[in-house]
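Visitor: For reference, this is upload-v1.cif, and it has mmCIF, C-alpha atoms.
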```cif
data_final
loop_
_atom_site.label_atom_id
_atom_site.label_comp_id
_atom_site.auth_asym_id
_atom_site.auth_seq_id
_atom_site.Cartn_x
_atom_site.Cartn_y
_atom_site.Cartn_z
CA MET A 15 80.87 -38.46 -20.16
CA GLU A 16 79.49 -40.52 -17.30
CA SER A 17 79.47 -43.75 -19.32
CA THR A 18 83.09 -43.31 -20.40
CA LEU A 19 84.59 -41.80 -17.24
CA GLY A 20 82.31 -42.80 -14.38
CA LEU A 21 84.13 -45.92 -13.20
CA GLU A 22 87.55 -44.48 -13.88
CA ILE A 23 87.07 -41.36 -11.79
CA ILE A 24 85.97 -43.61 -8.93
CA GLU A 25 89.28 -45.46 -9.27
CA VAL A 26 91.12 -42.13 -9.29
CA VAL A 27 89.76 -41.10 -5.88
CA GLU A 28 90.10 -44.65 -4.53
CA GLN A 29 93.81 -44.75 -5.32
CA ALA A 30 94.37 -41.34 -3.76
CA ALA A 31 92.50 -42.35 -0.61
CA ILE A 32 94.39 -45.64 -0.22
CA ALA A 33 97.75 -43.92 -0.65
CA SER A 34 96.92 -41.21 1.88
CA SER A 35 95.42 -43.58 4.42
CA HIS A 36 98.78 -45.30 4.87
CA TRP A 37 99.77 -42.11 6.69
CA MET A 38 96.67 -41.89 8.86
CA GLY A 39 97.54 -40.97 12.43
CA LYS A 40 101.26 -40.46 11.78
CA GLY A 41 101.24 -36.69 12.17
CA GLU A 42 102.61 -36.12 8.65
CA LYS A 43 99.96 -34.06 6.89
CA ASN A 44 102.24 -32.97 4.03
CA THR A 45 103.24 -36.54 3.27
CA ALA A 46 99.61 -37.69 3.43
CA ASP A 47 98.80 -35.06 0.83
CA GLU A 48 101.83 -35.71 -1.39
CA VAL A 49 101.18 -39.43 -1.78
CA ALA A 50 97.51 -38.77 -2.52
CA VAL A 51 98.51 -36.31 -5.25
CA GLU A 52 100.95 -38.78 -6.79
CA ALA A 53 98.43 -41.63 -6.77
CA MET A 54 95.64 -39.48 -8.18
CA ARG A 55 97.80 -38.14 -10.99
CA GLU A 56 99.18 -41.57 -11.89
CA ARG A 57 95.70 -43.08 -12.26
CA MET A 58 94.34 -39.99 -14.03
CA ASN A 59 97.05 -40.24 -16.67
CA LYS A 60 95.82 -43.71 -17.59
CA ILE A 61 92.39 -42.43 -18.62
CA HIS A 62 91.51 -41.98 -22.28
CA MET A 63 90.82 -38.24 -22.02
CA ARG A 64 92.28 -34.78 -22.46
CA GLY A 65 91.89 -33.12 -19.09
CA ARG A 66 92.98 -29.79 -17.68
CA ILE A 67 93.36 -29.03 -13.98
CA VAL A 68 91.44 -25.84 -13.17
CA ILE A 69 91.52 -26.29 -9.39
CA GLY A 70 94.49 -28.16 -8.03
CA GLU A 71 97.38 -28.07 -5.63
CA GLY A 72 97.62 -24.33 -5.27
CA GLU A 73 97.52 -21.29 -7.48
CA ARG A 74 100.61 -19.72 -5.94
CA ASP A 75 102.55 -22.82 -4.99
CA GLU A 76 104.95 -24.29 -7.49
CA ALA A 77 103.34 -27.69 -7.11
CA PRO A 78 105.08 -30.34 -9.23
CA MET A 79 101.87 -32.30 -9.88
CA LEU A 80 98.18 -31.52 -10.38
CA TYR A 81 99.00 -27.84 -10.53
CA ILE A 82 96.52 -25.42 -12.06
CA GLY A 83 96.78 -25.62 -15.82
CA GLU A 84 98.40 -29.06 -15.93
CA GLU A 85 97.08 -31.35 -18.65
CA VAL A 86 96.31 -34.94 -17.68
CA GLY A 87 95.14 -38.08 -19.42
CA ILE A 88 96.52 -40.35 -22.13
CA CYS A 89 95.39 -37.94 -24.82
CA THR A 90 97.71 -35.19 -23.54
CA ARG A 91 100.83 -37.23 -24.31
CA GLU A 92 103.13 -36.23 -27.16
CA ASP A 93 102.22 -39.45 -28.95
CA ALA A 94 98.49 -38.92 -28.32
CA LYS A 95 97.66 -39.33 -32.00
CA ASP A 96 98.51 -43.02 -31.61
CA PHE A 97 95.82 -43.41 -28.94
CA CYS A 98 93.22 -40.71 -29.51
CA ASN A 99 91.01 -39.39 -32.27
CA PRO A 100 90.86 -35.60 -31.78
CA ASP A 101 87.49 -35.46 -33.57
CA GLU A 102 85.92 -37.75 -30.97
CA LEU A 103 87.68 -36.29 -27.95
CA VAL A 104 85.81 -34.30 -25.29
CA GLU A 105 88.06 -31.88 -23.47
CA ILE A 106 87.26 -31.69 -19.77
CA ASP A 107 88.08 -29.43 -16.84
CA ILE A 108 88.96 -31.04 -13.52
CA ALA A 109 88.89 -29.74 -9.95
CA VAL A 110 90.76 -31.89 -7.46
CA ASP A 111 91.52 -32.11 -3.77
CA PRO A 112 93.44 -35.39 -3.40
CA CYS A 113 93.39 -35.17 0.39
CA GLU A 114 90.64 -32.91 1.65
CA GLY A 115 91.42 -32.53 5.33
CA THR A 116 95.15 -33.26 5.60
CA ASN A 117 95.13 -32.56 9.33
CA LEU A 118 92.28 -35.02 9.76
CA VAL A 119 94.41 -37.75 8.20
CA ALA A 120 97.54 -36.78 10.10
CA TYR A 121 95.79 -36.98 13.46
CA GLY A 122 93.41 -39.84 12.74
CA GLN A 123 90.27 -37.72 12.87
CA PRO A 124 87.05 -38.37 10.91
CA GLY A 125 85.92 -36.66 7.72
CA SER A 126 88.88 -36.69 5.33
CA MET A 127 88.36 -37.81 1.74
CA ALA A 128 89.82 -37.67 -1.75
CA VAL A 129 87.57 -35.63 -4.05
CA LEU A 130 87.30 -34.38 -7.61
CA ALA A 131 84.77 -32.81 -9.93
CA ILE A 132 84.80 -32.80 -13.71
CA SER A 133 82.87 -31.09 -16.48
CA GLU A 134 83.37 -30.24 -20.12
CA LYS A 135 85.86 -27.47 -20.89
CA GLY A 136 84.74 -24.22 -19.28
CA GLY A 137 82.20 -25.95 -17.06
CA LEU A 138 83.88 -25.27 -13.70
CA PHE A 139 84.61 -21.88 -12.17
CA ALA A 140 88.37 -21.41 -11.87
CA ALA A 141 88.27 -20.10 -8.33
CA PRO A 142 91.31 -18.15 -7.12
CA ASP A 143 93.22 -19.41 -4.12
CA PHE A 144 91.15 -17.18 -1.86
CA TYR A 145 88.52 -17.78 0.78
CA MET A 146 84.78 -18.02 0.25
CA LYS A 147 81.75 -17.38 2.38
CA LYS A 148 79.50 -20.42 1.94
CA LEU A 149 75.92 -21.44 2.55
CA ALA A 150 74.77 -25.00 1.90
CA ALA A 151 71.35 -26.45 2.65
CA PRO A 152 69.03 -29.31 1.56
CA ALA A 153 67.18 -29.27 -1.76
CA VAL A 154 63.91 -28.40 -0.03
CA ALA A 155 65.43 -25.07 1.00
CA ALA A 156 67.04 -24.30 -2.36
CA GLY A 157 66.20 -20.78 -3.47
CA HIS A 158 64.65 -19.94 -0.09
CA VAL A 159 67.66 -19.47 2.16
CA ASP A 160 70.05 -16.76 1.03
CA ILE A 161 73.66 -16.00 1.88
CA ASN A 162 72.80 -12.28 2.13
CA LYS A 163 70.38 -12.95 4.98
CA SER A 164 71.48 -13.30 8.59
CA ALA A 165 72.05 -16.71 10.14
CA THR A 166 68.95 -16.15 12.27
CA GLU A 167 66.77 -15.44 9.23
CA ASN A 168 68.10 -18.43 7.32
CA LEU A 169 67.49 -20.75 10.25
CA LYS A 170 63.86 -19.62 10.42
CA ILE A 171 63.46 -20.23 6.69
CA LEU A 172 65.21 -23.61 6.89
CA SER A 173 63.00 -24.58 9.82
CA GLU A 174 59.88 -23.83 7.78
CA CYS A 175 61.16 -25.59 4.65
CA MET A 176 62.09 -28.74 6.56
CA SER A 177 59.07 -28.69 8.91
CA ARG A 178 61.41 -28.87 11.88
CA SER A 179 61.87 -26.64 14.86
CA ILE A 180 65.02 -24.53 14.88
CA GLU A 181 66.13 -26.49 17.95
CA GLU A 182 66.23 -29.65 15.81
CA LEU A 183 68.59 -28.14 13.24
CA VAL A 184 72.34 -28.82 13.18
CA VAL A 185 74.64 -26.30 11.51
CA VAL A 186 78.24 -27.13 10.64
CA VAL A 187 80.78 -24.32 11.06
CA MET A 188 84.56 -24.37 10.73
CA ASP A 189 86.17 -23.87 14.15
CA ARG A 190 87.95 -20.58 13.41
CA PRO A 191 88.28 -17.26 15.29
CA ARG A 192 86.49 -15.49 12.42
CA HIS A 193 83.33 -17.45 13.19
CA LYS A 194 82.98 -16.50 16.85
CA GLU A 195 80.03 -14.15 16.28
CA LEU A 196 78.39 -16.48 13.74
CA ILE A 197 78.54 -19.40 16.15
CA GLN A 198 77.00 -17.32 18.93
CA GLU A 199 74.20 -16.11 16.65
CA ILE A 200 73.34 -19.67 15.61
CA ARG A 201 73.23 -20.76 19.22
CA ASN A 202 71.14 -17.74 20.25
CA ALA A 203 68.66 -18.63 17.51
CA GLY A 204 68.26 -22.05 19.13
CA ALA A 205 70.02 -24.29 16.62
CA ARG A 206 72.84 -26.67 17.44
CA VAL A 207 76.38 -26.18 16.14
CA ARG A 208 78.78 -28.88 15.00
CA LEU A 209 82.29 -27.47 14.86
CA ILE A 210 84.79 -29.01 12.45
CA SER A 211 88.51 -28.37 12.21
CA ASP A 212 88.75 -29.13 8.46
CA GLY A 213 86.83 -30.75 5.62
CA ASP A 214 83.87 -28.53 4.74
CA VAL A 215 83.27 -30.29 1.39
CA SER A 216 81.96 -33.31 3.25
CA ALA A 217 79.83 -31.07 5.47
CA ALA A 218 78.30 -29.25 2.51
CA ILE A 219 77.41 -32.46 0.69
CA SER A 220 75.97 -34.02 3.83
CA CYS A 221 73.29 -31.30 3.87
CA ALA A 222 71.78 -32.83 0.72
CA PHE A 223 71.40 -36.34 2.20
CA SER A 224 68.65 -37.12 4.69
CA GLY A 225 69.70 -39.01 7.79
CA THR A 226 73.09 -37.33 8.19
CA ASN A 227 71.84 -35.00 10.95
CA ILE A 228 73.55 -32.11 9.16
CA HIS A 229 71.13 -29.51 7.88
CA CYS A 230 73.25 -26.51 6.97
CA LEU A 231 76.81 -25.30 6.39
CA MET A 232 77.65 -21.69 7.19
CA GLY A 233 80.84 -19.68 7.33
CA ILE A 234 84.06 -19.03 5.48
CA GLY A 235 86.32 -21.71 3.99
CA ALA A 236 88.62 -22.16 1.03
CA ALA A 237 87.24 -21.01 -2.34
CA PRO A 238 88.53 -23.94 -4.45
CA GLU A 239 86.76 -26.41 -2.16
CA GLY A 240 83.66 -24.27 -2.58
CA VAL A 241 83.61 -25.02 -6.30
CA ILE A 242 83.96 -28.75 -5.65
CA SER A 243 81.12 -28.59 -3.11
CA ALA A 244 78.99 -26.65 -5.59
CA ALA A 245 79.54 -29.33 -8.24
CA ALA A 246 78.22 -32.00 -5.91
CA MET A 247 75.32 -29.87 -4.71
CA ARG A 248 74.30 -29.04 -8.27
CA CYS A 249 74.15 -32.75 -9.02
CA LEU A 250 72.06 -33.33 -5.90
CA GLY A 251 69.77 -30.33 -6.32
CA GLY A 252 70.88 -28.92 -2.99
CA HIS A 253 71.35 -25.25 -2.17
CA PHE A 254 74.83 -23.78 -2.43
CA GLN A 255 75.98 -20.19 -2.59
CA GLY A 256 79.49 -18.79 -2.40
CA GLN A 257 80.95 -15.30 -2.19
CA LEU A 258 84.68 -14.65 -2.53
CA ILE A 259 86.39 -13.14 0.49
CA TYR A 260 89.33 -10.93 -0.43
CA ASP A 261 89.87 -8.93 2.78
CA PRO A 262 92.54 -10.40 5.10
CA GLU A 263 90.87 -8.66 8.04
CA VAL A 264 87.73 -10.75 7.51
CA VAL A 265 89.54 -14.06 7.31
CA LYS A 266 91.75 -13.38 10.35
CA THR A 267 93.63 -16.66 9.92
CA GLY A 268 95.54 -18.02 6.95
CA LEU A 269 97.17 -16.40 3.92
CA ILE A 270 95.03 -14.36 1.58
CA GLY A 271 97.36 -11.92 -0.15
CA GLU A 272 99.11 -8.82 1.09
CA SER A 273 96.16 -6.42 1.18
CA ARG A 274 92.50 -5.97 0.35
CA GLU A 275 93.35 -3.64 -2.51
CA GLY A 276 95.98 -5.99 -3.89
CA ASN A 277 93.54 -8.88 -3.84
CA ILE A 278 90.89 -6.88 -5.68
CA ALA A 279 93.46 -6.03 -8.36
CA ARG A 280 94.39 -9.70 -8.60
CA LEU A 281 90.75 -10.67 -9.09
CA GLN A 282 90.40 -8.10 -11.85
CA GLU A 283 93.43 -9.60 -13.59
CA MET A 284 91.56 -12.92 -13.54
CA GLY A 285 88.52 -11.33 -15.16
CA ILE A 286 86.49 -11.07 -11.94
CA ASN A 287 85.25 -7.48 -12.01
CA ASP A 288 82.59 -7.85 -9.33
CA PRO A 289 84.49 -9.18 -6.30
CA ASP A 290 81.34 -9.20 -4.15
CA LYS A 291 79.24 -11.28 -6.53
CA VAL A 292 77.31 -14.14 -4.95
CA TYR A 293 77.64 -17.32 -7.00
CA ASN A 294 75.17 -20.19 -6.93
CA ALA A 295 75.86 -23.84 -7.72
CA ASP A 296 74.82 -23.46 -11.35
CA GLU A 297 77.38 -20.68 -11.82
CA LEU A 298 80.24 -22.39 -10.01
CA ALA A 299 79.58 -25.67 -11.85
CA SER A 300 77.93 -24.49 -15.06
CA GLY A 301 78.74 -27.35 -17.44
CA ASP A 302 76.07 -29.34 -19.24
CA THR A 303 77.42 -32.46 -17.53
CA VAL A 304 79.01 -32.42 -14.08
CA LEU A 305 80.43 -35.43 -12.27
CA PHE A 306 81.59 -35.54 -8.66
CA ALA A 307 83.50 -38.36 -6.99
CA ALA A 308 84.82 -38.86 -3.47
CA CYS A 309 86.38 -41.67 -1.49
CA GLY A 310 86.64 -41.71 2.29
CA ILE A 311 90.15 -41.67 3.73
CA THR A 312 89.09 -41.56 7.37
CA PRO A 313 85.55 -42.49 8.48
CA GLY A 314 83.00 -39.74 7.87
CA THR A 315 79.30 -38.93 7.89
CA LEU A 316 78.73 -40.23 4.37
CA MET A 317 81.45 -42.81 3.83
CA GLU A 318 83.67 -45.23 5.68
CA GLY A 319 87.38 -44.63 5.59
CA VAL A 320 89.93 -46.99 4.05
CA ARG A 321 90.10 -50.29 5.94
CA PHE A 322 93.15 -52.46 5.42
CA PHE A 323 93.31 -56.23 5.76
CA HIS A 324 96.11 -58.66 5.02
CA GLY A 325 96.72 -58.38 1.29
CA GLY A 326 94.24 -55.66 0.48
CA ALA A 327 91.92 -52.84 1.47
CA ARG A 328 88.26 -51.92 1.38
CA THR A 329 87.03 -48.49 0.31
CA GLN A 330 83.71 -46.70 0.11
CA SER A 331 83.19 -44.07 -2.57
CA LEU A 332 80.47 -41.77 -3.81
CA VAL A 333 79.90 -40.68 -7.42
CA ILE A 334 77.22 -38.14 -8.31
CA SER A 335 76.12 -37.19 -11.82
CA THR A 336 73.92 -34.55 -13.41
CA GLN A 337 73.67 -36.80 -16.47
CA SER A 338 72.02 -39.82 -14.88
CA LYS A 339 70.72 -37.87 -11.86
CA THR A 340 72.14 -40.48 -9.51
CA ALA A 341 74.23 -40.64 -6.37
CA ARG A 342 75.95 -44.02 -6.16
CA PHE A 343 77.78 -45.37 -3.14
CA VAL A 344 80.43 -47.85 -4.25
CA ASP A 345 81.91 -50.45 -1.89
CA THR A 346 85.16 -51.86 -3.29
CA ILE A 347 87.60 -54.57 -2.25
CA HIS A 348 91.16 -53.97 -3.50
CA LEU A 349 93.41 -57.03 -3.65
CA PHE A 350 97.08 -56.15 -3.43
CA ASP A 351 98.69 -59.57 -3.19
CA ASN A 352 96.91 -62.89 -2.80
CA PRO A 353 93.27 -63.23 -3.94
CA LYS A 354 92.79 -65.76 -1.15
CA SER A 355 93.09 -62.92 1.31
CA LEU A 356 89.64 -61.57 0.34
CA GLN A 357 87.80 -60.58 3.50
CA LEU A 358 84.52 -58.75 3.91
CA LYS A 359 84.97 -57.58 7.47
#
```
Would you put the structure from the file into structure tokens?
Guide:
Amino acid sequence: MESTLGLEIIEVVEQAAIASSHWMGKGEKNTADEVAVEAMRERMNKIHMRGRIVIGEGERDEAPMLYIGEEVGICTREDAKDFCNPDELVEIDIAVDPCEGTNLVAYGQPGSMAVLAISEKGGLFAAPDFYMKKLAAPAVAAGHVDINKSATENLKILSECMSRSIEELVVVVMDRPRHKELIQEIRNAGARVRLISDGDVSAAISCAFSGTNIHCLMGIGAAPEGVISAAAMRCLGGHFQGQLIYDPEVVKTGLIGESREGNIARLQEMGINDPDKVYNADELASGDTVLFAACGITPGTLMEGVRFFHGGARTQSLVISTQSKTARFVDTIHLFDNPKSLQLK
């Protein structure tokens, strides 16, 4: 899968990031997202594959493109038999977020990126459009920290695993009213808190890379993004756990169904009979082969954002694979018009 799709999925996220970055700082988050979706879908449909979107532009929204269940790739066309040999074709599931952090793009803030994860059919958890309690940590703490423990307990464990004092640890938390008590507990324990307005996929992944000065992600964010984070963390060997949140009273902000009871019934309809189950990275991204790709839209901890120059742009992407056990940073120059305009600034 990596040998046949690796470069192409990088180009998919690159095209989405370039399209969205044209709207950086213009206050138009919906437009920044729409153009990213269009660019991602257009490039995806040029790939020799039969793909199915399992996490896309909204379970409830009537999204015209990259909606859940949409088939993408050359081999989904009506004339696919002219291009594809069904006996050689690997069907894949795809989770996408063409513009993770739309507000970050709209207001020119750091940390937005175009992301996707792929695996063979059935290899990604089809998360409902709910929220998820998340815990991400470096590989050295994998299996030691636990989402069922308190923040204070996990910080002590993380401190021991990393041979650092708690005061040296940095925990990323989404800046939301629901996290008021969590933030205070982290601070009381002695750790430092980095609040983010959006973009917890980037924060989760950063935990697995040394030198980012991010050591843990705690709190509640969107469930679909949790699956994408889990895919990356599985590839990297990092710790990731997620637990679906179905009670609107817990979330406090955002839409999450009409009632707790209604949401439980909805989960049961989806085949989720244990709504309180804690999922680990291997369960959220269970495929034999998992690939993750991201491209920075605005500058972030791991990647630069899109930088335009006369006649082109420069992007920085990341592709992670369970197959080759690699994390590759890819620096790309895109020439739009005149090759003479090539600049490496």
Visitor: At a cut-off of 6 Å, using only C-alpha atoms, what residues contact range 218-226 of chain A? Leave out same-chain residues fewer than 4 positions from it and give the result as a PyMOL selection string.
Guide: chain A and resi 150-152+230-231+252
Visitor: Identify all residues satisfying the PyMOL selection byres ((chain A and resi 196) around 10) in the given file; provide them as a list in words.
Guide: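 Evaluating the PyMOL selection byres ((chain A and resi 196) around 10) on these coordinates yields Ser164, Ala165, Thr166, Val187, Arg192, His193, Lys194, Glu195, Ile197, Gln198, Glu199, Ile200, Arg201, Asn202, Met232 and Gly233 of chain A.
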Visitor: I want to know what sits within 7 Å of Ala308 in chain A, based on all atoms listed in the file, with residues of the same chain fewer than 6 positions away left out; could you give that as a ChimeraX atom specification?
Guide: /A:27,127-130,331-333
Visitor: Expressed in Å to a single decimal, how great is the separation between CA of Ile242 in chain A and CA of Arg178 in chain A?
Guide: 28.6 Å
Visitor: Where does range 102-190 of chain A meet range 36-59 of chain A within 8 Å, residue by residue, with the nearest atom pair and distance in Å to one decimal for each, counting only C-alpha atoms, listed by chain and rising number, as a tab-separated table?
Guide:
```
residue	atom	partner	partner_atom	distance
A:Pro112	CA	A:Ala50	CA	5.4
A:Cys113	CA	A:Asp47	CA	5.4
A:Thr116	CA	A:Lys43	CA	5.0
A:Asn117	CA	A:Lys43	CA	5.6
A:Val119	CA	A:Met38	CA	4.8
A:Ala120	CA	A:Gly41	CA	4.2
A:Tyr121	CA	A:Gly39	CA	4.5
A:Gly122	CA	A:Gly39	CA	4.3
A:Gln123	CA	A:Gly39	CA	8.0
A:Ala128	CA	A:Ala50	CA	7.8
```
Visitor: Please, could you write that set of residues out with C-alpha atoms as a PDB file, in the frame of the given file?
Guide:
```pdb
ATOM      1  CA  PRO A 112      93.440 -35.390  -3.400  1.00  0.00           C
ATOM      2  CA  CYS A 113      93.390 -35.170   0.390  1.00  0.00           C
ATOM      3  CA  THR A 116      95.150 -33.260   5.600  1.00  0.00           C
ATOM      4  CA  ASN A 117      95.130 -32.560   9.330  1.00  0.00           C
ATOM      5  CA  VAL A 119      94.410 -37.750   8.200  1.00  0.00           C
ATOM      6  CA  ALA A 120      97.540 -36.780  10.100  1.00  0.00           C
ATOM      7  CA  TYR A 121      95.790 -36.980  13.460  1.00  0.00           C
ATOM      8  CA  GLY A 122      93.410 -39.840  12.740  1.00  0.00           C
ATOM      9  CA  GLN A 123      90.270 -37.720  12.870  1.00  0.00           C
ATOM     10  CA  ALA A 128      89.820 -37.670  -1.750  1.00  0.00           C
TER      11      ALA A 128
END
```
Visitor: Go through the shown structure with the PyMOL selection byres ((chain A and resi 335) around 7) and write out the matching residues as a list in words.
Guide: Cys249, Val304, Leu305, Phe306, Val333, Ile334, Thr336, Gln337, Ser338, Lys339, Thr340 and Ala341 of chain A
Visitor: Using the chain letters and residue numbers of this document, give as a PDB file with C-alpha atoms, in the frame of the given file the residues selected by the PyMOL selection byres ((chain A and resi 301) around 6).
Guide:
```
ATOM      1  CA  SER A 133      82.870 -31.090 -16.480  1.00  0.00           C
ATOM      2  CA  GLY A 137      82.200 -25.950 -17.060  1.00  0.00           C
ATOM      3  CA  ALA A 299      79.580 -25.670 -11.850  1.00  0.00           C
ATOM      4  CA  SER A 300      77.930 -24.490 -15.060  1.00  0.00           C
ATOM      5  CA  ASP A 302      76.070 -29.340 -19.240  1.00  0.00           C
ATOM      6  CA  THR A 303      77.420 -32.460 -17.530  1.00  0.00           C
TER       7      THR A 303
END
```
Visitor: Would you work out the distance separating CA of Asp351 in chain A from CA of Gly310 in chain A, expressed in Å to one decimal?
Guide: 22.2 Å
Visitor: Calculate how many Å separate CA of Ala307 in chain A from CA of Ala131 in chain A, rounding to one decimal.
Guide: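 Between CA of Ala307 in chain A and CA of Ala131 in chain A the gap works out to 6.4 Å.
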Visitor: Hey, what's within 9 Å of range 84-93 of chain A if we count all atoms listed in the file and toss same-chain stuff fewer than 5 positions away? As a PDB file with C-alpha atoms, in the coordinates of the input, please?
Guide:
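Contents of the output file out-v4.pdb:
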```pdb
ATOM      1  CA  ARG A  55      97.800 -38.140 -10.990  1.00  0.00           C
ATOM      2  CA  ARG A  57      95.700 -43.080 -12.260  1.00  0.00           C
ATOM      3  CA  MET A  58      94.340 -39.990 -14.030  1.00  0.00           C
ATOM      4  CA  ASN A  59      97.050 -40.240 -16.670  1.00  0.00           C
ATOM      5  CA  LYS A  60      95.820 -43.710 -17.590  1.00  0.00           C
ATOM      6  CA  ILE A  61      92.390 -42.430 -18.620  1.00  0.00           C
ATOM      7  CA  HIS A  62      91.510 -41.980 -22.280  1.00  0.00           C
ATOM      8  CA  MET A  63      90.820 -38.240 -22.020  1.00  0.00           C
ATOM      9  CA  ARG A  64      92.280 -34.780 -22.460  1.00  0.00           C
ATOM     10  CA  GLY A  65      91.890 -33.120 -19.090  1.00  0.00           C
ATOM     11  CA  ARG A  66      92.980 -29.790 -17.680  1.00  0.00           C
ATOM     12  CA  ILE A  67      93.360 -29.030 -13.980  1.00  0.00           C
ATOM     13  CA  VAL A  68      91.440 -25.840 -13.170  1.00  0.00           C
ATOM     14  CA  GLY A  70      94.490 -28.160  -8.030  1.00  0.00           C
ATOM     15  CA  MET A  79     101.870 -32.300  -9.880  1.00  0.00           C
ATOM     16  CA  CYS A  98      93.220 -40.710 -29.510  1.00  0.00           C
ATOM     17  CA  ASN A  99      91.010 -39.390 -32.270  1.00  0.00           C
ATOM     18  CA  PRO A 100      90.860 -35.600 -31.780  1.00  0.00           C
ATOM     19  CA  LEU A 103      87.680 -36.290 -27.950  1.00  0.00           C
TER      20      LEU A 103
END
```
Visitor: Env of Gly115 in chain A: 7 Å cut, atoms = all atoms listed in the file, seq-sep filter 3 positions within chain, self excluded. Answer as a PDB file with C-alpha atoms, in the frame of the given file.
Guide:
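This is the output file part20.pdb:
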```
ATOM      1  CA  LEU A 118      92.280 -35.020   9.760  1.00  0.00           C
ATOM      2  CA  VAL A 119      94.410 -37.750   8.200  1.00  0.00           C
ATOM      3  CA  SER A 126      88.880 -36.690   5.330  1.00  0.00           C
ATOM      4  CA  ASP A 212      88.750 -29.130   8.460  1.00  0.00           C
ATOM      5  CA  GLY A 213      86.830 -30.750   5.620  1.00  0.00           C
TER       6      GLY A 213
END
```
Visitor: Which polymer residues have any atom within 10 Å of an atom of range 272-281 of chain A, counting all atoms listed in the file, with same-chain residues fewer than 5 positions away left out, as a ChimeraX atom specification?
Guide: /A:141-142,144,258-264,286-290
Visitor: Which residues of range 293-342 of chain A have any atom within 7 Å of an atom in range 29-35 of chain A when counting all atoms listed in the file, and what is the closest pair of atoms for each, with the distance in Å to one decimal? Order the rows by chain and rising number and write it as a Markdown table.
Guide:
```
| residue | atom | partner | partner_atom | distance |
| --- | --- | --- | --- | --- |
| A:Cys309 | CA | A:Ala31 | CA | 6.2 |
| A:Gly310 | CA | A:Ala31 | CA | 6.6 |
| A:Ile311 | CA | A:Ala31 | CA | 5.0 |
| A:Val320 | CA | A:Ile32 | CA | 6.3 |
```
Visitor: Closest to Ile24 in chain A among A:Tyr145, A:Ile132, A:Thr315, A:Ile106, using all atoms listed in the file?
Guide: A:Ile132
Visitor: Which one of A:Met188, A:Ala244, A:Leu172, A:Leu138 sits closest to Arg208 in chain A if you count all atoms listed in the file?
Guide: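 The closest residue to Arg208 in chain A is A:Met188.
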Visitor: Return the single residue from A:Ser216, A:Gln255, A:Gln330, A:Ser179 that is closest to Gly204 in chain A, with distances computed using all atoms listed in the file.
Guide: A:Ser179
Visitor: Identify which of the residues A:Gly235, A:Arg321, A:Gly271, A:Lys148 lies closest to Val292 in chain A, counting all atoms listed in the file when measuring atom-to-atom distances.
Guide: A:Lys148
Visitor: Since the input lacks atoms, please generate N, CA, C and O atoms for range 332-340 of chain A and provide them as a tab-separated table (two decimals), in the coordinates of the input.
Guide:
```
chain	number	residue	atom	x	y	z
A	332	LEU	N	81.73	-42.37	-3.39
A	332	LEU	CA	80.47	-41.77	-3.81
A	332	LEU	C	80.69	-41.09	-5.16
A	332	LEU	O	81.65	-40.32	-5.32
A	333	VAL	N	79.84	-41.36	-6.13
A	333	VAL	CA	79.90	-40.68	-7.42
A	333	VAL	C	78.52	-40.13	-7.73
A	333	VAL	O	77.51	-40.83	-7.61
A	334	ILE	N	78.48	-38.84	-8.08
A	334	ILE	CA	77.22	-38.14	-8.31
A	334	ILE	C	77.26	-37.54	-9.71
A	334	ILE	O	78.28	-37.01	-10.14
A	335	SER	N	76.14	-37.62	-10.42
A	335	SER	CA	76.12	-37.19	-11.82
A	335	SER	C	74.87	-36.39	-12.15
A	335	SER	O	73.75	-36.78	-11.77
A	336	THR	N	75.07	-35.28	-12.88
A	336	THR	CA	73.92	-34.55	-13.41
A	336	THR	C	73.32	-35.28	-14.60
A	336	THR	O	72.15	-35.09	-14.93
A	337	GLN	N	74.11	-36.12	-15.25
A	337	GLN	CA	73.67	-36.80	-16.47
A	337	GLN	C	72.63	-37.87	-16.18
A	337	GLN	O	71.56	-37.89	-16.77
A	338	SER	N	72.96	-38.75	-15.22
A	338	SER	CA	72.02	-39.82	-14.88
A	338	SER	C	71.14	-39.47	-13.68
A	338	SER	O	70.24	-40.22	-13.33
A	339	LYS	N	71.45	-38.31	-13.06
A	339	LYS	CA	70.72	-37.87	-11.86
A	339	LYS	C	70.74	-38.95	-10.78
A	339	LYS	O	69.71	-39.36	-10.23
A	340	THR	N	71.96	-39.43	-10.52
A	340	THR	CA	72.14	-40.48	-9.51
A	340	THR	C	73.25	-40.11	-8.54
A	340	THR	O	74.14	-39.32	-8.86
```
